$ cat my_file12.cif   # mmCIF, C-alpha atoms
data_input
#
loop_
_atom_site.label_atom_id
_atom_site.label_comp_id
_atom_site.auth_asym_id
_atom_site.auth_seq_id
_atom_site.Cartn_x
_atom_site.Cartn_y
_atom_site.Cartn_z
CA MET A 17 -137.73 82.92 -29.13
CA LEU A 18 -140.88 80.90 -29.82
CA PHE A 19 -141.32 77.49 -31.43
CA HIS A 20 -144.92 76.37 -31.92
CA GLU A 21 -145.94 79.27 -29.67
CA GLN A 22 -143.76 78.04 -26.84
CA ASP A 23 -140.66 79.74 -25.51
CA ILE A 24 -137.76 77.48 -26.47
CA ILE A 25 -136.31 77.97 -22.98
CA ASN A 26 -139.24 75.93 -21.66
CA LEU A 27 -138.86 73.12 -24.19
CA GLN A 28 -136.88 70.00 -23.52
CA PRO A 29 -133.55 70.74 -25.29
CA GLU A 30 -133.14 67.26 -26.83
CA SER A 31 -136.58 67.12 -28.44
CA TYR A 32 -136.32 70.75 -29.61
CA ARG A 33 -132.94 70.01 -31.23
CA MET A 34 -134.44 67.01 -33.03
CA GLN A 35 -137.14 69.23 -34.51
CA VAL A 36 -134.95 72.24 -35.21
CA SER A 37 -131.75 70.74 -36.53
CA TYR A 38 -128.61 72.85 -36.70
CA CYS A 39 -126.05 72.30 -39.46
CA PHE A 40 -122.54 73.62 -38.97
CA GLN A 41 -120.40 75.52 -41.45
CA GLN A 42 -117.45 73.21 -40.86
CA PRO A 43 -118.87 69.95 -39.58
CA THR A 44 -116.94 67.38 -37.62
CA LEU A 45 -117.64 63.75 -38.36
CA PHE A 46 -117.31 61.26 -35.54
CA GLY A 47 -116.13 57.69 -35.27
CA GLU A 48 -114.12 56.08 -38.04
CA THR A 49 -116.48 55.56 -40.94
CA VAL A 50 -119.42 57.30 -42.59
CA ARG A 51 -121.63 54.55 -41.13
CA ASP A 52 -120.69 55.58 -37.57
CA ASN A 53 -122.13 59.01 -38.30
CA PHE A 54 -125.37 57.65 -39.68
CA VAL A 55 -125.82 55.22 -36.80
CA PHE A 56 -125.65 58.07 -34.27
CA PRO A 57 -129.12 59.62 -34.93
CA TYR A 58 -130.59 56.11 -34.48
CA GLU A 59 -128.72 55.75 -31.18
CA VAL A 60 -130.12 59.09 -30.06
CA ARG A 61 -133.65 57.82 -30.69
CA LYS A 62 -132.86 54.29 -29.48
CA GLN A 63 -133.90 52.84 -32.83
CA VAL A 64 -132.43 50.13 -35.05
CA PHE A 65 -130.19 51.39 -37.87
CA GLN A 66 -131.96 51.32 -41.26
CA GLU A 67 -129.24 50.85 -43.85
CA SER A 68 -131.57 51.08 -46.84
CA HIS A 69 -132.79 54.51 -45.73
CA VAL A 70 -129.31 56.03 -45.47
CA LEU A 71 -128.28 54.45 -48.79
CA THR A 72 -131.16 56.29 -50.45
CA LEU A 73 -130.01 59.53 -48.87
CA LEU A 74 -126.42 58.93 -50.04
CA GLU A 75 -127.77 58.48 -53.54
CA GLN A 76 -129.76 61.73 -53.29
CA VAL A 77 -126.59 63.71 -52.55
CA GLU A 78 -124.76 61.90 -55.36
CA LEU A 79 -122.43 59.86 -53.16
CA PRO A 80 -121.88 56.18 -54.05
CA LYS A 81 -123.40 53.56 -51.75
CA SER A 82 -119.91 52.21 -51.06
CA TYR A 83 -119.27 55.44 -49.13
CA LEU A 84 -121.21 53.98 -46.21
CA ASP A 85 -118.09 52.17 -45.05
CA LYS A 86 -115.59 54.76 -46.23
CA LYS A 87 -113.24 56.19 -43.63
CA ILE A 88 -114.12 59.77 -42.72
CA THR A 89 -110.46 60.78 -43.10
CA GLU A 90 -110.68 59.91 -46.81
CA LEU A 91 -113.56 62.30 -47.55
CA SER A 92 -113.17 65.69 -49.26
CA GLY A 93 -114.65 68.84 -47.68
CA GLY A 94 -117.71 68.70 -49.92
CA GLU A 95 -118.28 65.02 -49.18
CA LYS A 96 -117.94 65.62 -45.44
CA GLN A 97 -120.55 68.35 -45.58
CA ARG A 98 -122.96 66.10 -47.49
CA VAL A 99 -122.49 63.28 -44.96
CA ALA A 100 -123.04 65.77 -42.12
CA LEU A 101 -126.24 67.08 -43.74
CA ILE A 102 -127.57 63.54 -44.20
CA ARG A 103 -126.94 63.01 -40.47
CA ASN A 104 -129.28 65.93 -39.80
CA VAL A 105 -132.13 64.67 -41.99
CA ILE A 106 -132.10 60.89 -41.43
CA PHE A 107 -135.02 61.68 -39.16
CA LEU A 108 -136.71 64.63 -40.80
CA PRO A 109 -136.72 67.77 -38.66
CA GLU A 110 -139.31 70.53 -39.03
CA VAL A 111 -136.64 73.19 -39.45
CA LEU A 112 -133.09 73.05 -40.74
CA LEU A 113 -130.81 75.81 -39.51
CA LEU A 114 -128.06 76.09 -42.12
CA ASP A 115 -125.05 78.07 -41.01
CA GLU A 116 -123.24 78.86 -44.27
CA VAL A 117 -123.16 75.18 -45.08
CA THR A 118 -122.03 75.75 -48.67
CA ALA A 119 -119.29 78.27 -47.85
CA GLY A 120 -115.96 76.79 -48.80
CA LEU A 121 -117.47 74.05 -50.97
CA ASP A 122 -116.49 73.51 -54.60
CA GLU A 123 -119.08 74.42 -57.25
CA LYS A 124 -120.17 70.83 -57.83
CA SER A 125 -120.74 70.08 -54.15
CA LYS A 126 -122.49 73.41 -53.69
CA ARG A 127 -124.88 72.68 -56.58
CA ILE A 128 -125.64 69.17 -55.28
CA VAL A 129 -126.24 70.38 -51.71
CA ASN A 130 -128.44 73.31 -52.78
CA GLN A 131 -130.58 71.21 -55.12
CA TRP A 132 -131.05 68.58 -52.44
CA LEU A 133 -131.94 71.14 -49.77
CA LEU A 134 -134.51 72.71 -52.09
CA ARG A 135 -135.99 69.26 -52.69
CA LEU A 136 -136.27 68.69 -48.96
CA ASN A 137 -138.03 72.02 -48.65
CA GLN A 138 -140.46 71.37 -51.48
CA GLU A 139 -141.13 67.64 -51.07
CA GLN A 140 -140.71 67.09 -47.36
CA ASN A 141 -141.95 70.49 -46.26
CA ILE A 142 -138.85 71.25 -44.20
CA THR A 143 -138.36 74.91 -43.40
CA LEU A 144 -134.86 76.06 -44.28
CA ILE A 145 -133.35 78.97 -42.35
CA ARG A 146 -129.99 79.72 -43.84
CA VAL A 147 -127.22 82.14 -43.11
CA THR A 148 -125.48 82.89 -46.40
CA HIS A 149 -123.46 85.34 -48.45
CA ASP A 150 -124.25 83.49 -51.67
CA THR A 151 -126.39 85.52 -54.08
CA GLU A 152 -127.86 82.42 -55.76
CA GLU A 153 -128.98 81.03 -52.40
CA ILE A 154 -130.46 84.40 -51.48
CA THR A 155 -132.53 84.51 -54.70
CA GLN A 156 -133.85 81.00 -53.98
CA SER A 157 -135.19 82.11 -50.58
CA THR A 158 -138.79 83.20 -50.00
CA VAL A 159 -138.00 85.57 -47.13
CA VAL A 160 -134.69 87.42 -46.89
CA LYS A 161 -133.52 89.23 -43.76
CA LYS A 162 -130.33 91.21 -43.75
CA ILE A 163 -128.00 91.40 -40.78
CA VAL A 164 -125.91 94.57 -40.70
CA ALA A 165 -123.29 95.06 -37.99
CA GLY A 166 -124.80 92.24 -35.95
CA ARG A 167 -128.35 93.63 -36.09
CA LEU A 168 -131.35 92.48 -38.08
CA GLU A 169 -132.38 95.28 -40.46
CA GLU A 170 -136.02 96.22 -40.15
CA GLY A 171 -138.64 96.76 -42.85
CA GLN A 172 -137.61 94.02 -45.29
CA MET B 14 -85.63 41.14 11.50
CA ASN B 15 -82.66 43.09 10.19
CA LEU B 16 -83.82 46.68 9.86
CA ALA B 17 -80.68 48.74 10.11
CA VAL B 18 -81.89 52.25 9.36
CA ASN B 19 -80.85 54.54 12.20
CA ASP B 20 -80.50 58.31 12.47
CA LEU B 21 -76.87 58.28 11.37
CA SER B 22 -77.49 56.06 8.34
CA LEU B 23 -80.40 58.32 7.37
CA LEU B 24 -78.10 61.32 7.59
CA PHE B 25 -75.68 59.65 5.18
CA ALA B 26 -78.57 58.66 2.90
CA ALA B 27 -79.55 62.35 2.81
CA MET B 28 -76.53 62.83 0.56
CA LEU B 29 -78.72 61.38 -2.20
CA VAL B 30 -80.74 64.59 -2.00
CA PHE B 31 -77.61 66.50 -2.94
CA VAL B 32 -77.48 64.52 -6.19
CA ALA B 33 -80.92 65.85 -7.10
CA LEU B 34 -79.91 69.36 -5.97
CA LEU B 35 -76.73 69.20 -8.04
CA ILE B 36 -78.64 68.12 -11.16
CA SER B 37 -81.20 70.87 -10.62
CA TYR B 38 -78.41 73.45 -10.20
CA LYS B 39 -76.26 72.27 -13.13
CA GLU B 40 -79.17 71.88 -15.54
CA LYS B 41 -80.75 75.16 -14.34
CA LEU B 42 -84.08 73.41 -13.69
CA GLY B 43 -85.15 75.94 -11.06
CA PHE B 44 -86.10 73.10 -8.75
CA THR B 45 -83.60 73.77 -5.95
CA LYS B 46 -86.08 75.49 -3.64
CA ASP B 47 -88.79 72.90 -4.41
CA ILE B 48 -86.47 70.01 -3.65
CA ILE B 49 -85.41 71.49 -0.29
CA ILE B 50 -89.02 72.28 0.69
CA SER B 51 -90.25 68.86 -0.41
CA VAL B 52 -87.52 67.06 1.55
CA PHE B 53 -88.28 69.01 4.73
CA ARG B 54 -92.01 68.52 4.26
CA ALA B 55 -91.54 64.79 3.78
CA ILE B 56 -89.39 64.52 6.92
CA ILE B 57 -91.76 66.55 9.11
CA GLN B 58 -94.92 64.83 7.77
CA LEU B 59 -93.43 61.37 8.25
CA ILE B 60 -92.19 62.12 11.78
CA LEU B 61 -95.64 63.40 12.73
CA VAL B 62 -97.42 60.47 11.13
CA GLY B 63 -94.98 58.05 12.77
CA TYR B 64 -95.84 59.31 16.25
CA LEU B 65 -99.53 59.62 15.38
CA LEU B 66 -99.73 56.03 14.11
CA LYS B 67 -97.85 54.79 17.17
CA TYR B 68 -100.48 56.45 19.38
CA VAL B 69 -103.42 55.18 17.27
CA PHE B 70 -102.08 51.62 17.25
CA GLN B 71 -101.64 51.73 21.03
CA VAL B 72 -105.17 53.07 21.64
CA ASN B 73 -106.55 50.45 19.21
CA SER B 74 -109.97 52.11 18.89
CA LYS B 75 -112.32 51.33 15.99
CA LEU B 76 -113.68 54.89 15.99
CA LEU B 77 -110.20 56.42 15.84
CA THR B 78 -109.34 54.06 12.99
CA ILE B 79 -112.37 55.25 11.02
CA VAL B 80 -111.51 58.89 11.77
CA MET B 81 -107.96 58.37 10.53
CA ALA B 82 -109.21 56.68 7.35
CA GLY B 83 -111.64 59.60 6.94
CA VAL B 84 -108.82 62.14 7.22
CA ILE B 85 -106.84 60.24 4.56
CA ILE B 86 -109.88 60.17 2.24
CA ILE B 87 -110.61 63.90 2.73
CA ASN B 88 -107.00 64.83 1.96
CA ALA B 89 -107.02 62.60 -1.13
CA ALA B 90 -110.29 64.22 -2.30
CA LEU B 91 -108.89 67.73 -1.79
CA ASN B 92 -105.87 66.84 -3.87
CA ALA B 93 -107.80 65.09 -6.65
CA SER B 94 -110.25 68.00 -7.02
CA LYS B 95 -107.35 70.35 -7.84
CA ARG B 96 -106.75 68.43 -11.06
CA SER B 97 -109.68 69.99 -12.88
CA ASN B 98 -110.43 73.62 -13.64
CA HIS B 99 -113.99 72.95 -14.60
CA LEU B 100 -115.65 71.05 -11.80
CA LYS B 101 -118.31 72.86 -9.81
CA ASN B 102 -118.35 70.33 -6.98
CA GLY B 103 -114.91 68.87 -7.51
CA PHE B 104 -114.27 68.20 -3.84
CA LEU B 105 -117.62 66.55 -3.14
CA ILE B 106 -117.43 64.40 -6.29
CA SER B 107 -113.88 63.32 -5.45
CA LEU B 108 -114.84 62.67 -1.82
CA LEU B 109 -117.74 60.45 -2.83
CA ALA B 110 -115.64 58.58 -5.40
CA ILE B 111 -112.68 57.99 -3.08
CA ALA B 112 -114.90 57.17 -0.08
CA CYS B 113 -116.88 54.62 -2.11
CA SER B 114 -113.80 53.01 -3.66
CA THR B 115 -112.02 52.83 -0.30
CA GLY B 116 -115.14 51.71 1.59
CA VAL B 117 -116.15 48.98 -0.85
CA THR B 118 -112.62 47.64 -1.27
CA ILE B 119 -111.86 47.57 2.46
CA GLY B 120 -115.29 46.11 3.15
CA VAL B 121 -114.61 43.21 0.79
CA LEU B 122 -111.12 42.66 2.22
CA VAL B 123 -112.39 42.63 5.82
CA LEU B 124 -115.42 40.45 5.07
CA SER B 125 -113.29 37.98 3.12
CA GLY B 126 -110.88 37.78 6.04
CA ALA B 127 -107.91 39.02 4.00
CA ILE B 128 -107.32 41.78 6.55
CA GLN B 129 -108.55 42.47 10.06
CA PHE B 130 -110.30 45.59 11.27
CA THR B 131 -107.34 46.77 13.33
CA PRO B 132 -105.71 50.20 13.02
CA SER B 133 -102.36 48.72 11.94
CA GLN B 134 -104.05 47.10 8.93
CA ILE B 135 -106.93 49.40 8.08
CA ILE B 136 -105.02 52.69 8.13
CA PRO B 137 -102.12 51.73 5.83
CA ILE B 138 -104.49 49.92 3.44
CA SER B 139 -106.82 52.97 3.39
CA GLY B 140 -103.83 55.11 2.52
CA MET B 141 -102.81 52.85 -0.35
CA ILE B 142 -106.33 52.67 -1.75
CA ALA B 143 -107.14 56.37 -1.33
CA SER B 144 -103.82 57.42 -2.84
CA ASN B 145 -104.25 55.21 -5.91
CA ALA B 146 -107.88 56.28 -6.32
CA MET B 147 -106.75 59.92 -6.01
CA ILE B 148 -104.17 59.52 -8.76
CA ALA B 149 -106.66 57.69 -11.01
CA ILE B 150 -109.35 60.32 -10.46
CA GLY B 151 -106.87 63.13 -11.06
CA LEU B 152 -105.92 61.53 -14.38
CA CYS B 153 -109.61 61.18 -15.29
CA TYR B 154 -110.26 64.86 -14.58
CA ARG B 155 -107.25 66.08 -16.50
CA ASN B 156 -107.99 63.87 -19.48
CA MET B 157 -111.65 64.86 -19.46
CA ASP B 158 -110.69 68.55 -19.45
CA SER B 159 -108.44 68.18 -22.47
CA LEU B 160 -110.87 65.91 -24.34
CA PHE B 161 -113.78 68.31 -23.88
CA HIS B 162 -111.58 71.06 -25.33
CA ASP B 163 -110.22 68.93 -28.19
CA GLN B 164 -113.58 67.38 -29.09
CA ARG B 165 -115.70 70.47 -28.44
CA GLN B 166 -117.01 70.63 -32.00
CA ALA B 167 -117.94 66.93 -32.06
CA VAL B 168 -119.81 67.28 -28.76
CA LEU B 169 -121.68 70.34 -30.09
CA GLU B 170 -122.69 68.39 -33.20
CA LYS B 171 -123.95 65.47 -31.15
CA LEU B 172 -126.02 67.84 -29.02
CA ALA B 173 -127.34 69.50 -32.19
CA LEU B 174 -128.49 66.08 -33.39
CA GLY B 175 -130.62 65.76 -30.27
CA ALA B 176 -128.29 63.64 -28.13
CA ASP B 177 -128.62 63.96 -24.37
CA ILE B 178 -125.49 65.03 -22.52
CA LYS B 179 -124.68 61.46 -21.52
CA LEU B 180 -124.62 60.23 -25.11
CA ALA B 181 -122.81 63.37 -26.31
CA SER B 182 -120.08 62.80 -23.69
CA ARG B 183 -119.95 59.00 -23.95
CA ASP B 184 -116.66 58.73 -25.85
CA ILE B 185 -114.97 61.30 -23.61
CA VAL B 186 -116.23 59.61 -20.44
CA ARG B 187 -115.00 56.20 -21.63
CA ALA B 188 -111.60 57.54 -22.66
CA SER B 189 -111.24 59.33 -19.30
CA ILE B 190 -112.05 56.20 -17.30
CA ARG B 191 -109.56 54.25 -19.41
CA THR B 192 -106.88 56.86 -18.69
CA GLY B 193 -107.60 56.67 -14.96
CA MET B 194 -107.36 52.90 -14.83
CA ALA B 195 -104.48 52.39 -17.28
CA PRO B 196 -101.56 52.91 -14.83
CA THR B 197 -103.00 50.36 -12.38
CA ILE B 198 -103.58 47.81 -15.13
CA ASP B 199 -100.10 48.43 -16.56
CA SER B 200 -98.44 48.07 -13.18
CA ALA B 201 -100.49 44.91 -12.48
CA LYS B 202 -99.08 43.48 -15.72
CA THR B 203 -95.48 44.19 -14.74
CA VAL B 204 -95.66 43.54 -11.02
CA GLY B 205 -92.86 41.21 -10.01
CA ILE B 206 -91.16 41.62 -13.39
CA VAL B 207 -90.38 45.32 -13.35
CA SER B 208 -91.24 46.36 -9.82
CA LEU B 209 -91.31 44.70 -6.43
CA PRO B 210 -93.98 46.93 -4.95
CA GLY B 211 -94.18 48.52 -1.53
CA MET B 212 -96.28 46.01 0.36
CA MET B 213 -94.22 43.02 -0.79
CA SER B 214 -90.87 44.79 -0.37
CA GLY B 215 -91.87 45.96 3.11
CA LEU B 216 -92.76 42.44 4.22
CA ILE B 217 -89.56 41.00 2.73
CA PHE B 218 -87.60 43.75 4.51
CA ALA B 219 -89.32 42.77 7.74
CA GLY B 220 -88.15 39.18 7.27
CA VAL B 221 -91.34 37.60 5.96
CA ASP B 222 -90.97 34.67 3.59
CA PRO B 223 -91.24 36.04 -0.01
CA VAL B 224 -93.68 33.26 -0.90
CA HIS B 225 -95.94 34.55 1.86
CA ALA B 226 -95.26 38.20 0.99
CA ILE B 227 -96.51 37.76 -2.57
CA LYS B 228 -99.95 36.77 -1.26
CA TYR B 229 -100.27 40.24 0.22
CA GLN B 230 -99.08 41.77 -3.01
CA ILE B 231 -101.67 39.78 -4.95
CA MET B 232 -104.29 41.13 -2.56
CA VAL B 233 -102.97 44.66 -3.14
CA THR B 234 -103.19 44.17 -6.91
CA PHE B 235 -106.83 43.08 -6.59
CA MET B 236 -107.73 45.93 -4.28
CA LEU B 237 -106.07 48.60 -6.42
CA LEU B 238 -107.84 47.37 -9.55
CA SER B 239 -111.14 47.58 -7.71
CA ALA B 240 -110.37 50.95 -6.09
CA THR B 241 -109.21 52.71 -9.25
CA SER B 242 -112.09 51.37 -11.33
CA ILE B 243 -114.76 52.30 -8.77
CA GLY B 244 -113.15 55.71 -8.17
CA SER B 245 -112.70 56.50 -11.86
CA VAL B 246 -116.23 55.48 -12.82
CA ILE B 247 -117.97 57.40 -10.03
CA ALA B 248 -115.84 60.54 -10.43
CA THR B 249 -116.10 60.64 -14.22
CA TYR B 250 -119.84 59.99 -14.40
CA LEU B 251 -120.50 62.71 -11.82
CA ALA B 252 -117.96 65.16 -13.23
CA TYR B 253 -118.88 65.28 -16.93
CA LYS B 254 -122.16 67.03 -16.12
CA SER B 255 -120.18 70.07 -14.95
CA TYR B 256 -119.38 70.80 -18.58
CA TYR B 257 -123.03 71.58 -19.36
CA ASN B 258 -125.53 74.15 -18.17
CA THR B 259 -129.17 73.53 -17.30
CA GLN B 260 -130.15 74.04 -20.95
CA LYS B 261 -127.82 71.14 -21.79
CA GLN B 262 -125.42 73.41 -23.61
CA LEU B 263 -121.69 72.82 -23.54
CA ILE B 264 -120.11 75.61 -21.49
CA ILE B 265 -116.49 75.56 -22.64
#
$ encode --input "my_file12.cif" --output "structure tokens"
Amino acid sequence: MLFHEQDIINLQPESYRMQVSYCFQQPTLFGETVRDNFVFPYEVRKQVFQESHVLTLLEQVELPKSYLDKKITELSGGEKQRVALIRNVIFLPEVLLLDEVTAGLDEKSKRIVNQWLLRLNQEQNITLIRVTHDTEEITQSTVVKKIVAGRLEEGQ
Amino acid sequence: MNLAVNDLSLLFAAMLVFVALLISYKEKLGFTKDIIISVFRAIIQLILVGYLLKYVFQVNSKLLTIVMAGVIIINAALNASKRSNHLKNGFLISLLAIACSTGVTIGVLVLSGAIQFTPSQIIPISGMIASNAMIAIGLCYRNMDSLFHDQRQAVLEKLALGADIKLASRDIVRASIRTGMAPTIDSAKTVGIVSLPGMMSGLIFAGVDPVHAIKYQIMVTFMLLSATSIGSVIATYLAYKSYYNTQKQLII
């Protein structure tokens, strides 16, 4: 598999993962509060936490600013997924790998997440590669590849 | 000195083993065979070590003392490495951790003049240090194994966010070190209140003034804190890497 014409095996895993960010279907949040999760990407890059930046992102996914210090155990599934997605884009990656990130979300959360992801794609130029069963998400995509019985179907 | 244990009194004391055997039999614990084997092993091992130590103390050679300490450390490392299913170099990691913790602690004790470099002091102290380091390291390994399984998803997410393996494992490593050191810290807190530990009891048995005996126990408390912390830190920081492959992917 190539990334910028280089085999990903030869790339340094940490820097590759920062550029191609993977989002899980059922994310796990760490620490005790939402803040702990947002601080982590800064720790990874050895940078100082920018509270104003993450507050803007919380606003974009329609979560109140007070959620920054909310306990992760008090979040609903949809809220957890939005916090996890923010964690992935605090530092913008080139590619977001979305593994059925809206599966299991309520309609409201799904709409918020999808609109925000599309915005990231259009305004920040982030490539979205998503695995989905959702017909609406499929129609939003520019290139659709079908996987049948574990194999990528050709000629699409 | 009033040490009254002789062969006959030991034979009577062996009746205590029957208490354990009776409980095992009545409660159907399936331990009967294990108890018998463990008792015979303990007797044979202690007889052998008794004669061996008598010989080593008589010879009074520095080299032989180091060899004996080495044998203790190797055995402790072999035992500690069995506590993890995941370690690639479990024995070598444990050996390094136990050797460093024993070496540093004994070095400080000898240099400070707390003990002398004689077989009768170095060998028993090595045994105490290596055994405590072995238990601490074993606890670290076991805890690390279960934490990597329980927190697998969290570790994967941290890696996906670009964390290096050290940062992704940081919480697990810290918790494992804490687990390794906790029994020593707990027993240090209760020493003298709950337990009158081996070194102090032994000296009191041998007729030493308790006020003098406690000084040795204080030394033991210091040395065990040092040994378990050095052992736990070295073993854990070397061992967590075994949970990743060269592509820095979690392999459990």
$ interface_residues --input "my_file12.cif" --of "chain A" --to "chain B" --cutoff "6 Å" --atoms "only C-alpha atoms" --output "list in words"
Glu30, Arg33, Met34, Tyr38, Thr44 and Val60 of chain A
$ resolve_selection --input "my_file12.cif" --expression "the PyMOL selection byres ((chain B and resi 230) around 10)" --output "number ranges by chain"
B: 204-205, 209-214, 216, 225-229, 231-236
$ atom_distance --input "my_file12.cif" --atom1 "atom CA of Thr241 of chain B" --atom2 "atom CA of Ala112 of chain B"
11.7 Å
$ resolve_selection --input "my_file12.cif" --expression "the PyMOL selection byres ((chain A and resi 36) around 12)" --output "PyMOL selection string"
(chain A and resi 18-20+24+27+29-35+37-39+104-105+107-114+142-145) or (chain B and resi 172-175)
$ resolve_selection --input "my_file12.cif" --expression "the PyMOL selection byres ((chain B and resi 99) around 9)" --output "list in words"
Ser97, Asn98, Leu100, Lys101, Gly103, Tyr154, Asp158, Ala252, Ser255, Tyr256 and Ile265 of chain B
$ atom_distance --input "my_file12.cif" --atom1 "atom CA of Leu35 of chain B" --atom2 "atom CA of Val52 of chain B"
14.6 Å
$ closest_residue --input "my_file12.cif" --among "B:Leu237, B:Lys202, B:Lys39, B:Pro196" --to "Ile119 of chain B" --atoms "only C-alpha atoms"
B:Leu237
$ residues_around --input "my_file12.cif" --residues "Glu67 of chain A" --least-positions-apart "6" --cutoff "9 Å" --atoms "all atoms listed in the file" --output "PDB file with C-alpha atoms, in the coordinates of the input"
ATOM      1  CA  ARG A  51    -121.630  54.550 -41.130  1.00  0.00           C
ATOM      2  CA  PHE A  54    -125.370  57.650 -39.680  1.00  0.00           C
ATOM      3  CA  VAL A  55    -125.820  55.220 -36.800  1.00  0.00           C
ATOM      4  CA  LEU A  84    -121.210  53.980 -46.210  1.00  0.00           C
TER       5      LEU A  84
END
